[in-house]
$ cat run.cif   # mmCIF, C-alpha atoms
data_my_file
loop_
_atom_site.label_atom_id
_atom_site.label_comp_id
_atom_site.auth_asym_id
_atom_site.auth_seq_id
_atom_site.Cartn_x
_atom_site.Cartn_y
_atom_site.Cartn_z
CA LEU A 240 -22.51 -34.72 -113.48
CA ALA A 241 -21.35 -38.31 -113.36
CA MET A 242 -19.26 -37.90 -116.48
CA ARG A 243 -17.63 -34.71 -115.14
CA GLU A 244 -16.91 -36.42 -111.83
CA GLU A 245 -15.20 -39.23 -113.73
CA VAL A 246 -13.06 -36.70 -115.61
CA ALA A 247 -12.11 -34.93 -112.36
CA PHE A 248 -11.08 -38.16 -110.65
CA GLN A 249 -9.15 -39.25 -113.74
CA LYS A 250 -7.19 -35.98 -113.74
CA GLN A 251 -6.45 -36.48 -110.07
CA LEU A 252 -5.10 -39.97 -110.79
CA THR A 253 -2.77 -38.50 -113.44
CA LYS A 254 -1.87 -35.65 -111.02
CA GLU A 255 -3.11 -32.95 -113.35
CA TRP A 256 -4.13 -30.87 -110.36
CA PRO A 257 -5.02 -27.49 -111.97
CA TYR A 258 -7.13 -29.28 -114.59
CA ALA A 259 -8.87 -31.38 -111.93
CA ALA A 260 -9.53 -28.25 -109.83
CA ARG A 261 -11.20 -26.52 -112.78
CA VAL A 262 -13.49 -29.50 -113.29
CA TRP A 263 -14.49 -29.49 -109.60
CA GLU A 264 -15.17 -25.76 -109.82
CA GLN A 265 -17.52 -26.42 -112.74
CA LEU A 266 -19.25 -29.21 -110.79
CA ILE A 267 -19.73 -26.90 -107.80
CA LYS A 268 -21.48 -24.35 -110.01
CA LEU A 269 -23.85 -27.09 -111.13
CA SER A 270 -24.32 -28.53 -107.63
CA PRO A 271 -23.37 -25.88 -105.03
CA LYS A 272 -24.67 -27.85 -102.06
CA ASN A 273 -22.41 -30.85 -102.63
CA ALA A 274 -19.82 -30.68 -99.83
CA ASP A 275 -17.86 -33.61 -101.28
CA TYR A 276 -17.11 -31.52 -104.36
CA TYR A 277 -15.59 -28.84 -102.17
CA GLU A 278 -13.52 -31.42 -100.32
CA ASN A 279 -12.03 -32.64 -103.61
CA LEU A 280 -11.52 -29.10 -104.89
CA ILE A 281 -9.56 -28.11 -101.78
CA TYR A 282 -7.44 -31.22 -102.12
CA CYS A 283 -6.61 -30.30 -105.72
CA TYR A 284 -5.77 -26.72 -104.75
CA ASP A 285 -3.35 -28.05 -102.16
CA GLN A 286 -1.70 -30.43 -104.59
CA ALA A 287 -1.38 -27.66 -107.15
CA GLY A 288 0.42 -25.47 -104.62
CA GLN A 289 -2.49 -23.03 -104.33
CA THR A 290 -2.56 -23.16 -100.54
CA ASP A 291 -3.97 -19.67 -100.02
CA LYS A 292 -6.89 -20.53 -102.26
CA ALA A 293 -7.34 -23.82 -100.45
CA ASP A 294 -7.29 -22.11 -97.04
CA ALA A 295 -9.82 -19.45 -98.03
CA THR A 296 -12.17 -21.99 -99.61
CA LEU A 297 -11.91 -24.37 -96.67
CA GLU A 298 -12.61 -21.66 -94.08
CA ARG A 299 -15.65 -20.47 -96.03
CA VAL A 300 -17.25 -23.83 -96.69
CA THR A 301 -16.55 -25.27 -93.24
CA ARG A 302 -18.88 -22.64 -91.79
CA ARG A 303 -21.46 -23.48 -94.41
CA PHE A 304 -21.50 -27.26 -94.30
CA ASN A 305 -21.88 -29.68 -91.41
CA HIS A 306 -19.41 -32.02 -93.10
CA PRO A 307 -16.91 -34.13 -91.10
CA GLY A 308 -14.38 -34.36 -93.93
CA LEU A 309 -14.18 -30.58 -94.33
CA ARG A 310 -14.04 -30.03 -90.58
CA THR A 311 -11.24 -32.56 -90.25
CA GLN A 312 -9.24 -30.79 -92.96
CA TYR A 313 -9.85 -27.39 -91.38
CA ALA A 314 -8.95 -28.55 -87.87
CA SER A 315 -5.77 -30.19 -89.17
CA ARG A 316 -4.85 -27.01 -91.03
CA LEU A 317 -5.33 -24.84 -87.94
CA GLN A 318 -3.27 -27.30 -85.94
CA GLU A 319 -0.44 -27.25 -88.48
CA LYS A 320 -0.39 -23.44 -88.17
CA LYS A 321 -0.22 -23.80 -84.35
CA ASN A 322 -3.49 -21.97 -83.93
CA TRP A 323 -4.18 -24.21 -80.96
CA ALA A 324 -7.34 -22.60 -79.61
CA ALA A 325 -9.14 -22.45 -82.97
CA ALA A 326 -8.00 -25.99 -83.79
CA ALA A 327 -9.25 -27.22 -80.42
CA ASP A 328 -12.61 -25.55 -81.08
CA MET A 329 -12.91 -27.30 -84.43
CA TRP A 330 -11.88 -30.72 -83.10
CA HIS A 331 -14.35 -30.29 -80.25
CA LEU A 332 -17.11 -29.42 -82.73
CA LEU A 333 -16.20 -32.39 -84.91
CA ILE A 334 -16.26 -34.78 -81.94
CA HIS A 335 -19.38 -33.51 -80.20
CA GLN A 336 -21.75 -32.02 -82.78
CA PRO A 337 -23.75 -34.56 -84.78
CA SER A 338 -23.09 -34.38 -88.49
CA THR A 339 -25.44 -34.91 -91.40
CA THR A 340 -23.67 -38.19 -92.16
CA ASN A 341 -23.11 -41.35 -90.14
CA HIS A 342 -19.71 -40.03 -89.12
CA GLN A 343 -18.24 -41.36 -85.88
CA PRO A 344 -15.25 -39.48 -84.43
CA SER A 345 -12.13 -41.61 -84.60
CA ARG A 346 -9.44 -42.15 -82.00
CA GLU A 347 -7.19 -39.93 -84.11
CA HIS A 348 -9.70 -37.08 -83.79
CA HIS A 349 -9.54 -37.34 -80.01
CA GLU A 350 -5.75 -37.51 -80.10
CA SER A 351 -5.57 -34.34 -82.19
CA PHE A 352 -8.01 -32.55 -79.89
CA LEU A 353 -5.91 -33.54 -76.87
CA ALA A 354 -2.70 -32.42 -78.60
CA CYS A 355 -4.14 -28.92 -79.05
CA LEU A 356 -5.34 -28.75 -75.44
CA TYR A 357 -1.93 -29.96 -74.29
CA GLU A 358 -0.24 -27.09 -76.10
CA LEU A 359 -2.64 -24.60 -74.53
CA THR A 360 -1.99 -26.16 -71.13
CA GLU A 361 1.76 -25.85 -71.61
CA GLN A 362 1.26 -22.16 -72.44
CA LYS A 363 -0.95 -21.79 -69.33
CA LYS A 364 -3.82 -20.49 -71.44
CA ASN A 365 -7.56 -20.83 -71.10
CA TRP A 366 -9.85 -22.73 -73.40
CA ASN A 367 -13.63 -22.56 -73.41
CA GLY A 368 -13.60 -20.14 -70.47
CA ALA A 369 -11.47 -22.22 -68.10
CA PRO A 370 -7.83 -23.29 -67.73
CA ALA A 371 -6.97 -25.55 -70.65
CA ILE A 372 -5.88 -28.34 -68.30
CA GLU A 373 -9.48 -28.70 -67.13
CA GLY A 374 -10.65 -29.08 -70.71
CA TYR A 375 -7.87 -31.58 -71.26
CA TYR A 376 -9.01 -33.63 -68.26
CA THR A 377 -12.62 -33.71 -69.48
CA ALA A 378 -11.52 -34.64 -73.00
CA VAL A 379 -9.06 -37.34 -72.01
CA THR A 380 -11.45 -39.02 -69.57
CA GLN A 381 -14.09 -39.09 -72.29
CA ALA A 382 -11.57 -40.51 -74.76
CA HIS A 383 -10.63 -43.18 -72.23
CA LYS A 384 -14.28 -44.21 -71.85
CA LEU A 385 -14.77 -44.36 -75.62
CA PHE A 386 -11.50 -46.21 -76.29
CA PRO A 387 -10.79 -48.20 -73.09
CA SER A 388 -8.26 -50.46 -74.80
CA HIS A 389 -6.09 -47.49 -75.82
CA GLU A 390 -3.87 -47.26 -72.77
CA PRO A 391 -2.28 -43.82 -73.40
CA PHE A 392 -5.68 -42.20 -72.77
CA GLN A 393 -5.89 -43.92 -69.39
CA ILE A 394 -2.32 -42.99 -68.46
CA ASN A 395 -2.79 -39.33 -69.39
CA ALA A 396 -6.13 -39.20 -67.57
CA ALA A 397 -4.45 -40.52 -64.42
CA TYR A 398 -1.62 -38.00 -64.55
CA VAL A 399 -3.92 -35.05 -65.20
CA ALA A 400 -6.33 -36.14 -62.44
CA HIS A 401 -3.24 -36.13 -60.23
CA ASP A 402 -2.31 -32.63 -61.44
CA LEU A 403 -5.80 -31.35 -60.66
CA LYS A 404 -5.84 -33.14 -57.29
CA LYS A 405 -8.88 -35.19 -58.23
CA TRP A 406 -7.61 -37.88 -55.91
CA GLY A 407 -10.54 -40.29 -56.05
CA ALA A 408 -10.56 -40.30 -59.85
CA ALA A 409 -6.77 -40.58 -59.94
CA ALA A 410 -6.83 -43.53 -57.55
CA ASP A 411 -9.39 -45.34 -59.74
CA LEU A 412 -7.39 -44.70 -62.91
CA TRP A 413 -4.15 -45.89 -61.31
CA ALA A 414 -6.00 -48.96 -60.05
CA GLY A 415 -6.89 -49.85 -63.63
CA LEU A 416 -3.29 -49.45 -64.72
CA VAL A 417 -2.05 -51.51 -61.77
CA LYS A 418 -4.44 -54.26 -62.82
CA ARG A 419 -3.04 -54.15 -66.35
CA HIS A 420 0.57 -53.94 -65.18
CA PRO A 421 0.88 -55.64 -61.78
CA ASP A 422 4.68 -55.54 -62.04
CA SER A 423 4.83 -51.73 -62.41
CA ILE A 424 6.11 -50.24 -59.17
CA ASP A 425 5.54 -46.67 -60.42
CA TYR A 426 1.84 -47.28 -61.06
CA ARG A 427 1.55 -48.90 -57.64
CA LYS A 428 3.24 -45.92 -55.97
CA ASN A 429 1.00 -43.43 -57.74
CA ARG A 430 -2.05 -45.44 -56.68
CA LEU A 431 -0.83 -45.28 -53.06
CA VAL A 432 -0.20 -41.54 -53.23
CA SER A 433 -3.71 -40.95 -54.60
CA LEU A 434 -5.26 -43.10 -51.89
CA ALA A 435 -3.34 -41.24 -49.19
CA GLN A 436 -4.39 -37.89 -50.60
CA SER A 437 -8.03 -38.92 -50.99
CA GLY A 438 -8.30 -39.84 -47.31
CA ALA A 439 -8.98 -43.52 -48.05
CA HIS A 440 -6.58 -44.41 -45.25
CA LYS A 441 -7.72 -47.95 -44.54
CA GLN A 442 -7.47 -48.93 -48.19
CA TYR A 443 -4.16 -47.10 -48.39
CA GLU A 444 -2.73 -49.04 -45.45
CA THR A 445 -3.99 -52.37 -46.84
CA GLU A 446 -2.49 -51.75 -50.28
CA LEU A 447 0.77 -50.45 -48.85
CA ILE A 448 1.34 -53.66 -46.90
CA ALA A 449 0.50 -55.69 -50.01
CA ALA A 450 2.94 -53.62 -52.05
CA LEU A 451 5.70 -54.11 -49.50
CA GLN A 452 5.16 -57.84 -49.80
CA ASP A 453 5.03 -57.76 -53.62
CA PHE A 454 8.14 -55.57 -53.95
CA PRO A 455 10.37 -56.52 -51.01
CA ASN A 456 13.54 -55.31 -52.75
CA ASP A 457 12.32 -51.90 -53.81
CA THR A 458 14.47 -49.25 -52.13
CA THR A 459 11.90 -46.43 -52.13
CA LEU A 460 8.45 -47.95 -51.56
CA ALA A 461 8.52 -47.76 -47.76
CA THR A 462 9.88 -44.22 -47.65
CA ASP A 463 7.51 -43.05 -50.36
CA ALA A 464 4.61 -44.40 -48.32
CA VAL A 465 5.59 -42.24 -45.37
CA TYR A 466 6.10 -39.14 -47.50
CA ALA A 467 2.74 -39.58 -49.18
CA LEU A 468 1.16 -38.98 -45.79
CA ILE A 469 3.52 -36.13 -44.96
CA ALA A 470 2.67 -34.57 -48.31
CA GLN A 471 -1.04 -34.83 -47.53
CA GLU A 472 -0.59 -32.23 -44.80
CA GLN A 473 1.75 -30.05 -46.88
CA ASP A 474 0.14 -30.00 -50.33
CA VAL A 475 3.34 -31.22 -51.97
CA VAL A 476 2.60 -34.11 -54.29
CA THR A 477 4.69 -35.67 -57.02
CA THR A 478 3.93 -38.49 -59.40
CA PHE A 479 6.55 -41.00 -60.39
CA ARG A 480 7.23 -40.07 -64.00
CA GLY A 481 10.79 -38.90 -64.30
CA GLU A 482 11.12 -35.18 -64.79
CA MET A 483 7.39 -34.39 -64.79
CA VAL A 484 6.52 -32.88 -61.43
CA ILE A 485 3.02 -32.01 -60.33
CA HIS A 486 3.83 -29.58 -57.55
CA LYS A 487 7.17 -29.01 -55.95
CA GLN A 488 8.52 -26.75 -53.23
CA ASP A 489 12.08 -25.91 -52.26
CA THR A 490 13.20 -28.50 -49.73
CA SER A 491 15.97 -29.04 -47.28
CA ILE A 492 15.30 -32.66 -46.36
CA GLU A 493 15.38 -35.48 -48.87
CA HIS A 494 14.78 -39.17 -48.68
CA PRO A 495 16.43 -41.91 -50.71
CA ALA A 496 15.60 -41.96 -54.40
CA SER A 497 12.15 -40.59 -53.72
CA SER A 498 10.02 -38.29 -55.81
CA ILE A 499 8.04 -36.78 -52.95
CA GLU A 500 9.51 -33.78 -51.17
CA TYR A 501 8.47 -31.66 -48.21
CA PRO A 502 9.76 -28.61 -46.37
CA ALA A 503 11.81 -29.47 -43.30
CA SER A 504 10.68 -26.36 -41.45
CA SER A 505 7.11 -27.66 -41.39
CA ILE A 506 7.76 -31.05 -39.80
CA PRO A 507 6.90 -30.15 -36.17
CA THR A 508 3.36 -29.10 -37.16
CA LEU A 509 2.63 -31.69 -39.82
CA PHE A 510 0.14 -33.97 -38.19
CA ILE A 511 -2.78 -31.93 -36.96
CA ALA A 512 -5.31 -34.37 -38.38
CA ILE A 513 -5.84 -37.28 -36.01
CA SER A 514 -6.69 -39.64 -38.87
CA THR A 515 -3.34 -39.05 -40.55
CA THR A 516 -1.46 -39.56 -37.30
CA THR A 517 -3.33 -42.81 -36.64
CA VAL A 518 -2.55 -44.14 -40.10
CA LEU A 519 1.12 -43.24 -39.77
CA ASP A 520 1.26 -45.04 -36.43
CA SER A 521 -0.13 -48.10 -38.20
CA ILE A 522 2.45 -47.69 -40.93
CA ILE A 523 5.21 -47.58 -38.34
CA THR A 524 3.94 -50.83 -36.85
CA ALA A 525 3.84 -52.44 -40.29
CA LEU A 526 7.34 -51.23 -41.16
CA GLU A 527 8.73 -52.57 -37.91
CA GLU A 528 7.58 -56.03 -38.98
CA GLN A 529 9.51 -55.81 -42.26
CA PRO A 530 13.19 -56.75 -42.69
CA PRO A 531 15.29 -53.89 -41.27
CA THR A 532 16.70 -52.66 -44.56
CA LEU A 533 18.16 -49.18 -44.76
CA PRO A 534 15.21 -47.66 -46.68
CA ILE A 535 12.71 -49.05 -44.19
CA ARG A 536 14.72 -47.80 -41.22
CA LEU A 537 15.02 -44.37 -42.81
CA ALA A 538 11.26 -44.34 -43.30
CA LEU A 539 10.78 -45.28 -39.67
CA PHE A 540 13.06 -42.46 -38.57
CA ASP A 541 11.17 -39.90 -40.67
CA ALA A 542 7.80 -41.16 -39.45
CA HIS A 543 8.88 -40.96 -35.80
CA GLN A 544 10.32 -37.51 -36.37
CA ALA A 545 7.17 -36.28 -38.10
CA LEU A 546 5.07 -37.54 -35.18
CA ARG A 547 7.53 -35.95 -32.73
CA HIS A 548 8.51 -39.31 -31.22
CA THR A 549 11.78 -37.68 -30.21
CA GLU A 550 13.35 -40.55 -28.28
CA ASP A 551 12.57 -43.14 -30.96
CA ALA A 552 13.80 -40.82 -33.72
CA ASP A 553 17.05 -39.98 -31.90
CA ALA A 554 17.78 -43.63 -31.11
CA LEU A 555 17.18 -44.68 -34.71
CA LEU A 556 19.32 -41.91 -36.12
CA THR A 557 22.17 -42.63 -33.74
CA ASP A 558 22.16 -46.28 -34.77
CA LEU A 559 21.82 -45.43 -38.48
CA TYR A 560 24.74 -43.01 -38.35
CA ALA A 561 26.90 -45.54 -36.52
CA ARG A 562 26.14 -48.27 -39.06
CA HIS A 563 26.09 -46.16 -42.24
CA PRO A 564 28.37 -43.15 -41.67
CA GLU A 565 28.98 -42.64 -45.42
CA GLU A 566 25.43 -43.10 -46.68
CA PRO A 567 24.22 -39.73 -48.10
CA ASN A 568 20.63 -40.11 -46.91
CA VAL A 569 21.83 -40.90 -43.41
CA LEU A 570 24.27 -38.01 -43.54
CA LEU A 571 21.49 -35.62 -44.54
CA ARG A 572 19.40 -36.55 -41.53
CA ALA A 573 22.34 -36.59 -39.16
CA ASN A 574 23.50 -33.22 -40.44
CA ALA A 575 20.03 -31.70 -39.84
CA ALA A 576 19.96 -33.16 -36.34
CA PHE A 577 23.42 -31.84 -35.47
CA ILE A 578 22.50 -28.36 -36.74
CA ASN A 579 19.29 -28.37 -34.67
CA LYS A 580 21.32 -29.34 -31.57
CA ARG A 581 24.04 -26.80 -32.44
CA ASP A 582 26.61 -29.56 -32.41
CA TRP A 583 28.77 -27.65 -34.85
CA ASP A 584 31.75 -30.01 -34.97
CA ASN A 585 29.61 -32.93 -36.09
CA ALA A 586 27.51 -30.68 -38.32
CA ILE A 587 30.67 -29.55 -40.14
CA ALA A 588 31.93 -33.14 -40.40
CA THR A 589 28.68 -34.42 -41.91
CA GLU A 590 28.42 -31.44 -44.26
CA TYR A 591 31.97 -32.08 -45.47
CA ALA A 592 31.09 -35.75 -46.06
CA LEU A 593 28.06 -34.72 -48.09
CA ILE A 594 30.23 -32.45 -50.23
CA GLN A 595 32.52 -35.40 -50.97
CA HIS A 596 29.49 -37.29 -52.32
CA ASP A 597 28.15 -34.35 -54.31
CA PRO A 598 30.88 -31.76 -54.95
CA LYS A 599 28.67 -29.62 -57.18
CA ASN A 600 25.90 -29.17 -54.64
CA GLU A 601 25.93 -25.46 -53.80
CA ASP A 602 23.54 -25.89 -50.85
CA TYR A 603 26.01 -28.19 -49.11
CA ARG A 604 28.87 -25.78 -49.76
CA GLU A 605 26.91 -22.78 -48.51
CA ARG A 606 25.97 -24.53 -45.26
CA TYR A 607 29.56 -25.73 -44.83
CA ARG A 608 30.80 -22.14 -45.09
#
$ encode --input "run.cif" --output "structure tokens"
Amino acid sequence: LAMREEVAFQKQLTKEWPYAARVWEQLIKLSPKNADYYENLIYCYDQAGQTDKADATLERVTRRFNHPGLRTQYASRLQEKKNWAAAADMWHLLIHQPSTTNHQPSREHHESFLACLYELTEQKKNWNGAPAIEGYYTAVTQAHKLFPSHEPFQINAAYVAHDLKKWGAAADLWAGLVKRHPDSIDYRKNRLVSLAQSGAHKQYETELIAALQDFPNDTTLATDAVYALIAQEQDVVTTFRGEMVIHKQDTSIEHPASSIEYPASSIPTLFIAISTTTVLDSIITALEEQPPTLPIRLALFDAHQALRHTEDADALLTDLYARHPEEPNVLLRANAAFINKRDWDNAIATEYALIQHDPKNEDYRERYR
């Protein structure tokens, strides 16, 4: 056997693939339980262009042998063919079922498993009897625990926890990323959103004030803080990752450069929960102690409006509109207020001003008409 093995390897070195394959076939007849022989044979079939033969052999022997090398080849092959569910099954088996060797699943195995689950999630399909995104969450959190220094696992786990509204887990994962990247405003915002959604209001308030102090020049942090609480009552939550949106509804009110959105028609009934109202009152107090920048004053207006502090909201908006008559985010709020009061002359004027800022916005044009 040793001499034949040497011949087979020598033919592989000289790239005489059909010859090498024939030698491995002979060795398999002599030692049919040697999975390594099959692994080399399949490799030679592939190199010789006999892919159908390689596929058939690999599928057959993978069922027969508990061999990590063969399973890895088979899983990779299924993945290349975009057979995502079968590939995910094989990667899962490779990662979780003990083998007859001292094999330890690698980071690359976990990455491939996650890639298959991601594709199934994108196609909104099930895997293992449940939505694929749930399997993805389980897999990525396990991968993060096994490879804590590999940051992409932690980032993906945080985003998917956010998607699944596992707010406590999401808050913990964002906390780890904030610790690693204290200068990342996006990670800090996502941590705050998760805290607000989880009901950890005291911690949320404490970290919000700290964030306002750490990022005094950020134009969205204060407003995002308010909308995180508004979103808690409306089930509209967005993470700060560009175009990737967790859950989004059609909206008619916006706030400056923010990712969180909420339906304007729901504002009067937002704050049924006393705890949320109390926290937002505390946020208002904290914001009033900050420098009166435009974003902070807009956040104050929206908070007062959400809590139905009509006099405070009207006074703030009047002052904002007088000071910033061309600012789009002020115009949006002023326009909504004028429409609610049926002050049509000013409503038309503000709508026209908005169109000048964004001529392609069909919503503005429709309202103007």
$ closest_residue --input "run.cif" --among "A:Glu444, A:Glu319, A:Asp425, A:Glu347" --to "Thr517 of chain A" --atoms "all atoms listed in the file"
A:Glu444
$ resolve_selection --input "run.cif" --expression "the PyMOL selection byres ((chain A and resi 565) around 10)" --output "PyMOL selection string"
chain A and resi 560-564+566-570+589+592-593+595-596
$ closest_residue --input "run.cif" --among "A:Trp366, A:Trp413, A:Tyr277, A:Tyr426" --to "Arg303 of chain A" --atoms "all atoms listed in the file"
A:Tyr277
$ atom_distance --input "run.cif" --atom1 "atom CA of Ile424 of chain A" --atom2 "atom CA of Phe454 of chain A"
7.7 Å
$ resolve_selection --input "run.cif" --expression "the PyMOL selection byres ((chain A and resi 392) around 10)" --output "list in words"
Arg346, His349, Glu350, Leu353, Ala378, Val379, Thr380, Gln381, Ala382, His383, Lys384, Leu385, Phe386, Pro387, Ser388, His389, Glu390, Pro391, Gln393, Ile394, Asn395, Ala396 and Ala397 of chain A
